[in-house]
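Visitor: Coordinates in data.pdb, PDB, C-alpha atoms, pLDDT in the B column, are listed below.
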MODEL        1
ATOM      1  CA  MET A  23     -39.696 -53.804  14.209  1.00 53.00           C
ATOM      2  CA  PRO A  24     -42.703 -51.560  13.653  1.00 65.00           C
ATOM      3  CA  PHE A  25     -43.650 -49.223  16.480  1.00 87.00           C
ATOM      4  CA  LEU A  26     -47.383 -48.704  16.863  1.00 89.00           C
ATOM      5  CA  LEU A  27     -48.811 -45.994  19.106  1.00 89.00           C
ATOM      6  CA  PRO A  28     -52.505 -46.352  20.066  1.00 88.00           C
ATOM      7  CA  ILE A  29     -54.576 -43.453  18.722  1.00 85.00           C
ATOM      8  CA  SER A  30     -56.415 -43.143  22.020  1.00 86.00           C
ATOM      9  CA  GLY A  31     -53.181 -42.662  23.945  1.00 86.00           C
ATOM     10  CA  PHE A  32     -51.470 -40.295  21.528  1.00 89.00           C
ATOM     11  CA  ARG A  33     -52.008 -37.020  23.417  1.00 90.00           C
ATOM     12  CA  GLN A  34     -51.170 -38.617  26.782  1.00 92.00           C
ATOM     13  CA  THR A  35     -47.954 -40.009  25.325  1.00 93.00           C
ATOM     14  CA  VAL A  36     -46.954 -36.563  24.030  1.00 95.00           C
ATOM     15  CA  ASP A  37     -47.770 -34.999  27.426  1.00 96.00           C
ATOM     16  CA  GLU A  38     -45.757 -37.631  29.284  1.00 96.00           C
ATOM     17  CA  ILE A  39     -42.726 -37.180  27.030  1.00 97.00           C
ATOM     18  CA  GLU A  40     -42.922 -33.385  27.489  1.00 98.00           C
ATOM     19  CA  ARG A  41     -43.103 -33.834  31.253  1.00 97.00           C
ATOM     20  CA  GLN A  42     -40.082 -36.139  31.337  1.00 97.00           C
ATOM     21  CA  LEU A  43     -38.011 -33.910  29.035  1.00 98.00           C
ATOM     22  CA  ALA A  44     -38.826 -30.782  31.079  1.00 98.00           C
ATOM     23  CA  TYR A  45     -36.748 -32.153  33.974  1.00 98.00           C
ATOM     24  CA  TYR A  46     -33.696 -31.596  31.752  1.00 98.00           C
ATOM     25  CA  GLY A  47     -34.408 -28.220  30.208  1.00 98.00           C
ATOM     26  CA  ASP A  48     -36.666 -25.928  28.208  1.00 98.00           C
ATOM     27  CA  VAL A  49     -38.908 -27.990  25.948  1.00 98.00           C
ATOM     28  CA  ARG A  50     -40.413 -26.868  22.635  1.00 98.00           C
ATOM     29  CA  SER A  51     -42.893 -29.401  21.330  1.00 97.00           C
ATOM     30  CA  ASN A  52     -44.780 -29.412  18.070  1.00 96.00           C
ATOM     31  CA  VAL A  53     -47.480 -31.729  16.746  1.00 95.00           C
ATOM     32  CA  GLN A  54     -48.599 -31.461  13.126  1.00 94.00           C
ATOM     33  CA  GLY A  55     -51.431 -33.242  11.382  1.00 91.00           C
ATOM     34  CA  ALA A  56     -52.784 -35.189  14.343  1.00 89.00           C
ATOM     35  CA  THR A  57     -56.214 -35.292  12.720  1.00 87.00           C
ATOM     36  CA  THR A  58     -54.932 -36.350   9.294  1.00 89.00           C
ATOM     37  CA  ALA A  59     -53.576 -39.614   7.910  1.00 91.00           C
ATOM     38  CA  ARG A  60     -49.978 -38.641   8.690  1.00 92.00           C
ATOM     39  CA  CYS A  61     -48.612 -36.682  11.585  1.00 93.00           C
ATOM     40  CA  SER A  62     -45.275 -35.506  12.880  1.00 94.00           C
ATOM     41  CA  VAL A  63     -44.168 -34.861  16.427  1.00 95.00           C
ATOM     42  CA  SER A  64     -41.064 -33.016  17.537  1.00 96.00           C
ATOM     43  CA  PHE A  65     -39.483 -32.185  20.874  1.00 97.00           C
ATOM     44  CA  GLU A  66     -36.480 -29.891  21.190  1.00 98.00           C
ATOM     45  CA  VAL A  67     -34.821 -29.454  24.568  1.00 98.00           C
ATOM     46  CA  SER A  68     -32.293 -26.780  25.525  1.00 98.00           C
ATOM     47  CA  ALA A  69     -30.475 -28.028  28.617  1.00 98.00           C
ATOM     48  CA  PRO A  70     -30.266 -27.183  31.428  1.00 98.00           C
ATOM     49  CA  GLY A  71     -32.713 -24.379  30.595  1.00 97.00           C
ATOM     50  CA  TYR A  72     -34.680 -22.469  33.241  1.00 96.00           C
ATOM     51  CA  GLY A  73     -32.551 -19.382  32.746  1.00 94.00           C
ATOM     52  CA  ALA A  74     -29.205 -21.203  32.754  1.00 95.00           C
ATOM     53  CA  GLU A  75     -26.869 -21.120  29.755  1.00 95.00           C
ATOM     54  CA  THR A  76     -27.540 -23.891  27.222  1.00 97.00           C
ATOM     55  CA  VAL A  77     -24.830 -26.553  27.281  1.00 97.00           C
ATOM     56  CA  ALA A  78     -26.599 -29.343  25.414  1.00 98.00           C
ATOM     57  CA  GLU A  79     -29.520 -29.891  23.057  1.00 98.00           C
ATOM     58  CA  PHE A  80     -31.759 -32.886  22.576  1.00 98.00           C
ATOM     59  CA  VAL A  81     -33.845 -33.182  19.416  1.00 97.00           C
ATOM     60  CA  TYR A  82     -36.510 -35.841  18.904  1.00 97.00           C
ATOM     61  CA  ARG A  83     -38.673 -35.960  15.788  1.00 96.00           C
ATOM     62  CA  GLU A  84     -41.001 -38.702  14.680  1.00 95.00           C
ATOM     63  CA  ARG A  85     -43.358 -39.154  11.766  1.00 94.00           C
ATOM     64  CA  TYR A  86     -46.355 -41.470  11.893  1.00 94.00           C
ATOM     65  CA  ARG A  87     -48.978 -42.701   9.508  1.00 93.00           C
ATOM     66  CA  ARG A  88     -52.398 -43.803  10.613  1.00 92.00           C
ATOM     67  CA  ALA A  89     -52.825 -47.567  10.445  1.00 92.00           C
ATOM     68  CA  ALA A  90     -55.269 -50.126  11.777  1.00 88.00           C
ATOM     69  CA  GLY A  91     -55.017 -49.931  15.533  1.00 84.00           C
ATOM     70  CA  GLY A  92     -52.980 -46.793  15.861  1.00 91.00           C
ATOM     71  CA  TRP A  93     -50.176 -44.590  14.604  1.00 93.00           C
ATOM     72  CA  LEU A  94     -47.393 -46.513  12.869  1.00 94.00           C
ATOM     73  CA  ARG A  95     -44.002 -44.834  13.172  1.00 95.00           C
ATOM     74  CA  GLU A  96     -42.345 -44.360   9.789  1.00 93.00           C
ATOM     75  CA  HIS A  97     -39.410 -42.074  10.479  1.00 94.00           C
ATOM     76  CA  TYR A  98     -37.444 -40.754  13.408  1.00 96.00           C
ATOM     77  CA  VAL A  99     -34.575 -38.415  14.219  1.00 96.00           C
ATOM     78  CA  TYR A 100     -33.096 -38.579  17.730  1.00 97.00           C
ATOM     79  CA  GLU A 101     -30.086 -36.340  18.366  1.00 97.00           C
ATOM     80  CA  TYR A 102     -27.867 -35.160  21.176  1.00 98.00           C
ATOM     81  CA  ARG A 103     -25.551 -32.179  20.673  1.00 97.00           C
ATOM     82  CA  ALA A 104     -23.039 -30.782  23.159  1.00 97.00           C
ATOM     83  CA  PHE A 105     -19.485 -29.425  23.142  1.00 95.00           C
ATOM     84  CA  ARG A 106     -19.706 -28.983  19.352  1.00 95.00           C
ATOM     85  CA  SER A 107     -20.070 -32.754  19.065  1.00 96.00           C
ATOM     86  CA  ARG A 108     -23.098 -34.793  18.086  1.00 96.00           C
ATOM     87  CA  THR A 109     -24.555 -38.267  18.128  1.00 97.00           C
ATOM     88  CA  ALA A 110     -27.767 -39.155  16.321  1.00 97.00           C
ATOM     89  CA  HIS A 111     -30.002 -42.116  15.564  1.00 97.00           C
ATOM     90  CA  HIS A 112     -32.096 -41.760  12.431  1.00 96.00           C
ATOM     91  CA  GLN A 113     -34.568 -43.685  10.357  1.00 94.00           C
ATOM     92  CA  HIS A 114     -35.512 -41.823   7.208  1.00 92.00           C
ATOM     93  CA  GLY A 115     -34.822 -41.492   3.521  1.00 88.00           C
ATOM     94  CA  ALA A 116     -32.803 -43.921   1.442  1.00 89.00           C
ATOM     95  CA  TRP A 117     -30.476 -44.831   4.311  1.00 91.00           C
ATOM     96  CA  GLY A 118     -33.256 -46.195   6.517  1.00 93.00           C
ATOM     97  CA  VAL A 119     -32.027 -46.959  10.038  1.00 95.00           C
ATOM     98  CA  HIS A 120     -28.608 -45.376  10.560  1.00 96.00           C
ATOM     99  CA  ARG A 121     -26.682 -43.206  12.966  1.00 96.00           C
ATOM    100  CA  HIS A 122     -24.339 -40.250  12.863  1.00 97.00           C
ATOM    101  CA  CYS A 123     -21.505 -39.337  15.155  1.00 97.00           C
ATOM    102  CA  GLU A 124     -19.322 -36.233  15.137  1.00 96.00           C
ATOM    103  CA  ALA A 125     -16.605 -35.736  17.720  1.00 95.00           C
ATOM    104  CA  THR A 126     -15.582 -32.192  18.642  1.00 94.00           C
ATOM    105  CA  GLY A 127     -13.536 -30.715  15.798  1.00 91.00           C
ATOM    106  CA  HIS A 128     -14.346 -33.606  13.453  1.00 92.00           C
ATOM    107  CA  PRO A 129     -17.445 -32.670  11.434  1.00 90.00           C
ATOM    108  CA  SER A 130     -18.657 -35.586   9.347  1.00 90.00           C
ATOM    109  CA  ARG A 131     -21.567 -36.497   7.117  1.00 89.00           C
ATOM    110  CA  ALA A 132     -20.802 -40.212   7.483  1.00 93.00           C
ATOM    111  CA  HIS A 133     -23.635 -42.677   8.013  1.00 95.00           C
ATOM    112  CA  TYR A 134     -23.049 -45.566  10.419  1.00 96.00           C
ATOM    113  CA  ALA A 135     -24.873 -48.863  10.987  1.00 96.00           C
ATOM    114  CA  ASP A 136     -27.464 -48.802  13.743  1.00 97.00           C
ATOM    115  CA  VAL A 137     -30.417 -50.731  15.114  1.00 96.00           C
ATOM    116  CA  GLU A 138     -33.966 -49.393  15.343  1.00 96.00           C
ATOM    117  CA  ARG A 139     -34.472 -47.145  18.381  1.00 97.00           C
ATOM    118  CA  LEU A 140     -37.296 -45.892  20.571  1.00 96.00           C
ATOM    119  CA  LEU A 141     -37.465 -42.341  21.895  1.00 97.00           C
ATOM    120  CA  GLN A 142     -37.444 -42.852  25.655  1.00 95.00           C
ATOM    121  CA  PRO A 143     -34.619 -45.426  25.939  1.00 96.00           C
ATOM    122  CA  THR A 144     -32.603 -43.313  23.496  1.00 97.00           C
ATOM    123  CA  HIS A 145     -33.193 -40.238  25.650  1.00 98.00           C
ATOM    124  CA  GLU A 146     -32.025 -42.167  28.718  1.00 96.00           C
ATOM    125  CA  GLY A 147     -28.783 -42.956  26.894  1.00 96.00           C
ATOM    126  CA  PHE A 148     -28.352 -39.332  25.841  1.00 98.00           C
ATOM    127  CA  VAL A 149     -28.876 -37.958  29.374  1.00 97.00           C
ATOM    128  CA  ARG A 150     -26.119 -40.254  30.615  1.00 97.00           C
ATOM    129  CA  LEU A 151     -23.798 -38.650  28.067  1.00 96.00           C
ATOM    130  CA  TYR A 152     -25.051 -35.218  29.159  1.00 97.00           C
ATOM    131  CA  GLU A 153     -24.474 -35.991  32.853  1.00 97.00           C
ATOM    132  CA  ARG A 154     -20.826 -36.867  32.132  1.00 96.00           C
ATOM    133  CA  ALA A 155     -20.344 -33.347  30.717  1.00 95.00           C
ATOM    134  CA  GLN A 156     -17.946 -34.603  28.078  1.00 94.00           C
ATOM    135  CA  PRO A 157     -17.963 -34.401  24.282  1.00 95.00           C
ATOM    136  CA  VAL A 158     -19.388 -37.289  22.292  1.00 96.00           C
ATOM    137  CA  ARG A 159     -16.871 -39.993  21.382  1.00 95.00           C
ATOM    138  CA  CYS A 160     -17.166 -41.966  18.162  1.00 95.00           C
ATOM    139  CA  PHE A 161     -15.531 -45.360  18.571  1.00 92.00           C
ATOM    140  CA  GLY A 162     -16.477 -48.793  17.273  1.00 94.00           C
ATOM    141  CA  LEU A 163     -18.973 -47.604  14.661  1.00 96.00           C
ATOM    142  CA  ARG A 164     -19.390 -49.400  11.359  1.00 96.00           C
ATOM    143  CA  ARG A 165     -19.519 -46.997   8.459  1.00 96.00           C
ATOM    144  CA  LEU A 166     -22.079 -47.458   5.688  1.00 94.00           C
ATOM    145  CA  THR A 167     -20.758 -46.665   2.231  1.00 88.00           C
ATOM    146  CA  ARG A 168     -24.068 -46.236   0.423  1.00 82.00           C
ATOM    147  CA  PRO A 169     -27.786 -46.651   1.045  1.00 81.00           C
ATOM    148  CA  PRO A 170     -29.299 -50.136   0.842  1.00 76.00           C
ATOM    149  CA  ARG A 171     -30.898 -51.144  -2.463  1.00 67.00           C
ATOM    150  CA  GLY A 172     -34.653 -51.207  -2.105  1.00 56.00           C
ATOM    151  CA  ASP A 173     -36.673 -51.773   1.007  1.00 51.00           C
ATOM    152  CA  ARG A 174     -35.214 -55.186   1.787  1.00 50.00           C
ATOM    153  CA  GLY A 175     -31.572 -54.434   1.001  1.00 52.00           C
ATOM    154  CA  GLU A 176     -28.962 -54.714   3.703  1.00 58.00           C
ATOM    155  CA  PRO A 177     -26.740 -51.696   4.328  1.00 60.00           C
ATOM    156  CA  HIS A 178     -23.312 -51.869   2.727  1.00 61.00           C
ATOM    157  CA  LEU A 179     -20.657 -51.873   5.407  1.00 63.00           C
ATOM    158  CA  ASP A 180     -17.288 -50.283   4.814  1.00 54.00           C
ATOM    159  CA  GLU A 181     -14.883 -53.089   5.826  1.00 44.00           C
TER     160      GLU A 181
ATOM    161  CA  MET B  24     -40.972 -28.033  59.503  1.00 43.00           C
ATOM    162  CA  ALA B  25     -40.397 -31.099  57.370  1.00 46.00           C
ATOM    163  CA  ILE B  26     -40.049 -30.542  53.660  1.00 51.00           C
ATOM    164  CA  GLY B  27     -43.187 -31.494  51.816  1.00 48.00           C
ATOM    165  CA  THR B  28     -45.557 -30.298  54.516  1.00 45.00           C
ATOM    166  CA  ARG B  29     -45.772 -26.747  53.211  1.00 52.00           C
ATOM    167  CA  ALA B  30     -45.453 -24.971  49.903  1.00 56.00           C
ATOM    168  CA  ARG B  31     -41.873 -24.507  48.752  1.00 64.00           C
ATOM    169  CA  THR B  32     -40.694 -21.661  46.557  1.00 72.00           C
ATOM    170  CA  VAL B  33     -37.542 -21.046  44.542  1.00 74.00           C
ATOM    171  CA  ARG B  34     -37.138 -17.614  46.151  1.00 72.00           C
ATOM    172  CA  GLU B  35     -36.647 -19.148  49.581  1.00 73.00           C
ATOM    173  CA  HIS B  36     -33.462 -20.856  48.434  1.00 77.00           C
ATOM    174  CA  SER B  37     -30.217 -19.486  46.997  1.00 80.00           C
ATOM    175  CA  PHE B  38     -28.215 -21.744  44.720  1.00 89.00           C
ATOM    176  CA  ALA B  39     -26.175 -21.646  41.520  1.00 92.00           C
ATOM    177  CA  ARG B  40     -28.014 -23.040  38.523  1.00 94.00           C
ATOM    178  CA  LYS B  41     -26.176 -25.942  36.904  1.00 96.00           C
ATOM    179  CA  PRO B  42     -27.183 -29.065  34.952  1.00 97.00           C
ATOM    180  CA  PHE B  43     -27.156 -31.589  37.830  1.00 98.00           C
ATOM    181  CA  TYR B  44     -27.016 -31.761  41.626  1.00 98.00           C
ATOM    182  CA  ALA B  45     -26.009 -34.598  43.934  1.00 98.00           C
ATOM    183  CA  PRO B  46     -28.517 -35.495  46.656  1.00 98.00           C
ATOM    184  CA  ALA B  47     -26.134 -34.023  49.271  1.00 97.00           C
ATOM    185  CA  GLU B  48     -26.165 -30.688  47.406  1.00 97.00           C
ATOM    186  CA  ILE B  49     -29.951 -30.721  47.325  1.00 97.00           C
ATOM    187  CA  ALA B  50     -29.942 -31.406  51.061  1.00 97.00           C
ATOM    188  CA  ARG B  51     -27.728 -28.352  51.666  1.00 95.00           C
ATOM    189  CA  ILE B  52     -29.810 -26.131  49.372  1.00 95.00           C
ATOM    190  CA  LEU B  53     -33.076 -27.125  51.024  1.00 94.00           C
ATOM    191  CA  GLY B  54     -31.715 -27.388  54.562  1.00 94.00           C
ATOM    192  CA  ILE B  55     -32.825 -30.974  55.015  1.00 95.00           C
ATOM    193  CA  SER B  56     -31.033 -34.280  55.556  1.00 97.00           C
ATOM    194  CA  ASP B  57     -29.601 -36.469  52.823  1.00 97.00           C
ATOM    195  CA  GLN B  58     -32.003 -39.192  53.949  1.00 97.00           C
ATOM    196  CA  THR B  59     -34.986 -36.914  53.396  1.00 97.00           C
ATOM    197  CA  VAL B  60     -33.783 -36.123  49.878  1.00 97.00           C
ATOM    198  CA  LEU B  61     -33.445 -39.842  49.125  1.00 97.00           C
ATOM    199  CA  ALA B  62     -36.892 -40.445  50.595  1.00 97.00           C
ATOM    200  CA  ARG B  63     -38.372 -37.789  48.298  1.00 97.00           C
ATOM    201  CA  ILE B  64     -36.622 -39.457  45.339  1.00 98.00           C
ATOM    202  CA  HIS B  65     -37.925 -42.881  46.315  1.00 96.00           C
ATOM    203  CA  ASP B  66     -41.494 -41.657  46.805  1.00 96.00           C
ATOM    204  CA  ARG B  67     -41.229 -39.936  43.397  1.00 96.00           C
ATOM    205  CA  LYS B  68     -41.803 -36.428  44.731  1.00 96.00           C
ATOM    206  CA  LEU B  69     -38.349 -35.436  43.431  1.00 98.00           C
ATOM    207  CA  PHE B  70     -37.247 -36.717  40.031  1.00 98.00           C
ATOM    208  CA  ALA B  71     -33.683 -38.035  39.845  1.00 98.00           C
ATOM    209  CA  LEU B  72     -31.560 -39.701  37.209  1.00 97.00           C
ATOM    210  CA  GLN B  73     -30.373 -43.014  38.631  1.00 96.00           C
ATOM    211  CA  LEU B  74     -26.814 -43.766  37.541  1.00 96.00           C
ATOM    212  CA  GLY B  75     -26.184 -46.716  39.860  1.00 94.00           C
ATOM    213  CA  PRO B  76     -27.773 -48.663  42.721  1.00 93.00           C
ATOM    214  CA  ARG B  77     -27.227 -45.725  45.108  1.00 91.00           C
ATOM    215  CA  LEU B  78     -26.067 -43.029  42.740  1.00 96.00           C
ATOM    216  CA  TYR B  79     -28.507 -40.277  41.816  1.00 98.00           C
ATOM    217  CA  ARG B  80     -28.259 -36.938  40.060  1.00 98.00           C
ATOM    218  CA  ILE B  81     -31.057 -34.387  40.132  1.00 98.00           C
ATOM    219  CA  PRO B  82     -31.394 -32.232  37.015  1.00 98.00           C
ATOM    220  CA  LEU B  83     -32.004 -28.499  37.428  1.00 97.00           C
ATOM    221  CA  GLY B  84     -35.550 -28.689  36.065  1.00 98.00           C
ATOM    222  CA  ALA B  85     -36.450 -31.407  38.571  1.00 98.00           C
ATOM    223  CA  LEU B  86     -35.163 -29.309  41.479  1.00 97.00           C
ATOM    224  CA  LEU B  87     -37.052 -26.235  40.304  1.00 97.00           C
ATOM    225  CA  GLN B  88     -40.262 -28.188  39.799  1.00 96.00           C
ATOM    226  CA  PHE B  89     -39.845 -29.638  43.289  1.00 96.00           C
ATOM    227  CA  LEU B  90     -39.652 -26.047  44.489  1.00 95.00           C
ATOM    228  CA  GLY B  91     -42.891 -25.225  42.731  1.00 94.00           C
ATOM    229  CA  GLU B  92     -41.731 -23.799  39.403  1.00 95.00           C
ATOM    230  CA  PRO B  93     -43.826 -24.985  36.452  1.00 97.00           C
ATOM    231  CA  PRO B  94     -42.249 -27.193  33.776  1.00 97.00           C
ATOM    232  CA  SER B  95     -40.710 -25.134  30.962  1.00 98.00           C
ATOM    233  CA  ILE B  96     -42.754 -26.403  28.021  1.00 98.00           C
ATOM    234  CA  SER B  97     -43.674 -24.431  24.916  1.00 98.00           C
ATOM    235  CA  ARG B  98     -46.313 -26.246  22.865  1.00 96.00           C
ATOM    236  CA  SER B  99     -47.468 -25.694  19.320  1.00 95.00           C
ATOM    237  CA  GLU B 100     -49.784 -27.687  17.118  1.00 94.00           C
ATOM    238  CA  GLY B 101     -50.938 -27.442  13.547  1.00 91.00           C
ATOM    239  CA  PRO B 102     -53.255 -29.154  11.113  1.00 88.00           C
ATOM    240  CA  ARG B 103     -50.589 -29.556   8.429  1.00 78.00           C
ATOM    241  CA  ALA B 104     -50.794 -33.010   6.896  1.00 67.00           C
ATOM    242  CA  VAL B 105     -47.391 -34.581   6.361  1.00 70.00           C
ATOM    243  CA  VAL B 106     -46.588 -35.162   2.690  1.00 66.00           C
ATOM    244  CA  ASP B 107     -44.278 -37.891   1.461  1.00 59.00           C
ATOM    245  CA  GLY B 108     -40.835 -36.696   0.487  1.00 54.00           C
ATOM    246  CA  THR B 109     -40.937 -33.163   1.880  1.00 52.00           C
ATOM    247  CA  GLU B 110     -40.703 -34.471   5.404  1.00 52.00           C
ATOM    248  CA  ASP B 111     -37.532 -36.381   4.533  1.00 50.00           C
ATOM    249  CA  ASP B 112     -35.951 -33.131   3.401  1.00 46.00           C
ATOM    250  CA  GLU B 113     -37.022 -31.477   6.628  1.00 51.00           C
ATOM    251  CA  LEU B 114     -35.475 -34.250   8.698  1.00 50.00           C
ATOM    252  CA  ASP B 115     -32.277 -34.087   6.674  1.00 49.00           C
ATOM    253  CA  ARG B 116     -31.768 -30.449   7.599  1.00 46.00           C
ATOM    254  CA  THR B 117     -30.630 -31.583  11.011  1.00 47.00           C
ATOM    255  CA  GLU B 118     -27.726 -33.393   9.389  1.00 48.00           C
ATOM    256  CA  ARG B 119     -24.610 -31.289   9.139  1.00 43.00           C
TER     257      ARG B 119
ENDMDL
END
How does the structure come out when it is put into structure tokens?

Guide:
Amino acid sequence: MPFLLPISGFRQTVDEIERQLAYYGDVRSNVQGATTARCSVSFEVSAPGYGAETVAEFVYRERYRRAAGGWLREHYVYEYRAFRSRTAHHQHGAWGVHRHCEATGHPSRAHYADVERLLQPTHEGFVRLYERAQPVRCFGLRRLTRPPRGDRGEPHLDE
Amino acid sequence: MAIGTRARTVREHSFARKPFYAPAEIARILGISDQTVLARIHDRKLFALQLGPRLYRIPLGALLQFLGEPPSISRSEGPRAVVDGTEDDELDRTER
């Protein structure tokens, strides 16, 4: 499912995301190449911020290419990190759409099956994890054994 | 004087900074009723995370902004055009 962002609303969208994220902590945002054919946007949030000790981090990065009618999202990285655990939804590189999950004390480079995500609903899911003040749990995920072959290949599931 | 009818400041209120507050805690901090806090949430003057039909949590940043502190946002921009391939490597650095 391609995600197209209107060129005219690009700056307003960035401002609105910054505003929403700033309720949860200190936001560092970066926009690169907004006047070129490809641009990247990133938001990093240290929560709760505002002088309080950081207990969680949210990272959102997206890459777009200019297309007819707007910016077409090509890649994304959405991550939540807390209690030395991590959950992430990615679309990039040979793996395409995938996710990561690392429980506390269980570092892993495993790739898991996922569906395509959007930033704001993903953030809403992450803040619910953050509100529970518990480490990430990694249950019920389907592990991918290797990247799909070509653009149309299906991920290989580890049965 | 009812909250919202005059400027509020963080310095007027003493509270421990933590990730989230219940509406009742906000009411105690601000010296107002629970109903007033809920009214401010419903009229979107105070941002709250809604966890259930009547269950709200107010993040620290939302409380501070309600008290007049500016959002903590650090912006940077650059003209760098994104090049195929290198950006993938950059994204992969977040993987551990």

Visitor: Please determine, counting all atoms listed in the file, which residue among A:His120, A:Arg168, A:Arg139, A:Arg50 has the shortest atom-to-atom distance to chain B.

Guide: A:Arg50

Visitor: So what does the PyMOL selection byres ((chain B) within 6 of (chain A)) actually pick up in this one, as a list in words?

Guide: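 Listing what the PyMOL selection byres ((chain B) within 6 of (chain A)) selects in the shown file: Pro42, Pro82, Gly84, Ala85, Pro94, Ser95, Ile96, Ser97, Arg98, Ser99, Glu100, Gly101, Pro102, Arg103, Ala104, Val105 and Asp111 of chain B.
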
Visitor: Taking into account all atoms listed in the file, which residue in the set B:Ile55, B:Ile49, B:Leu61, B:Leu90 is nearest to B:Leu78?

Guide: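 Nearest candidate to B:Leu78 out of B:Ile55, B:Ile49, B:Leu61, B:Leu90: B:Leu61.
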
Visitor: Could you check how far atom CA of A:Trp93 sits from atom CA of A:Gln34, in Å to one decimal?

Guide: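 So the answer is 13.6 Å.
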
Visitor: Evaluate the PyMOL selection byres ((chain B and resi 86) around 12) and record the selected residues as an NGL selection string, following the chain and residue labels used in the document.

Guide: (:A and (44-47 or 70 or 72)) or (:B and (31-33 or 36 or 38-46 or 48-50 or 52-53 or 60 or 63-64 or 68-72 or 80-85 or 87-94))

Visitor: Carefully work through the PyMOL selection byres ((chain A and resi 25) around 10) for this structure and note down the residues it includes, as a ChimeraX atom specification.

Guide: /A:23-24,26-28,86,92-96,138-140

Visitor: Write out the residues from the selection above, keeping C-alpha atoms, as a PDB file, keeping the file's coordinate frame.

Guide:
ATOM      1  CA  MET A  23     -39.696 -53.804  14.209  1.00 53.00           C
ATOM      2  CA  PRO A  24     -42.703 -51.560  13.653  1.00 65.00           C
ATOM      3  CA  LEU A  26     -47.383 -48.704  16.863  1.00 89.00           C
ATOM      4  CA  LEU A  27     -48.811 -45.994  19.106  1.00 89.00           C
ATOM      5  CA  PRO A  28     -52.505 -46.352  20.066  1.00 88.00           C
ATOM      6  CA  TYR A  86     -46.355 -41.470  11.893  1.00 94.00           C
ATOM      7  CA  GLY A  92     -52.980 -46.793  15.861  1.00 91.00           C
ATOM      8  CA  TRP A  93     -50.176 -44.590  14.604  1.00 93.00           C
ATOM      9  CA  LEU A  94     -47.393 -46.513  12.869  1.00 94.00           C
ATOM     10  CA  ARG A  95     -44.002 -44.834  13.172  1.00 95.00           C
ATOM     11  CA  GLU A  96     -42.345 -44.360   9.789  1.00 93.00           C
ATOM     12  CA  GLU A 138     -33.966 -49.393  15.343  1.00 96.00           C
ATOM     13  CA  ARG A 139     -34.472 -47.145  18.381  1.00 97.00           C
ATOM     14  CA  LEU A 140     -37.296 -45.892  20.571  1.00 96.00           C
TER      15      LEU A 140
END

Visitor: Report, in Å to a single decimal, how far apart atom CA of A:Arg121 and atom CA of A:Asp136 are.

Guide: 5.7 Å

Visitor: At what distance in Å, to one decimal, does atom CA of A:His111 lie from atom CA of A:Ser68?

Guide: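 Atom-to-atom, atom CA of A:Ser68 to atom CA of A:His111, that is 18.4 Å.
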
Visitor: Would you compute, for all listed atoms of stretch 76-95 of chain B, the axis-aligned bounding box grown by 4 Å on each side, and then report its centre and edge lengths in Å rounded to one decimal, as lines of an AutoDock Vina configuration file?

Guide:
center_x = -34.9
center_y = -36.2
center_z = 38.0
size_x = 25.8
size_y = 32.9
size_z = 22.1
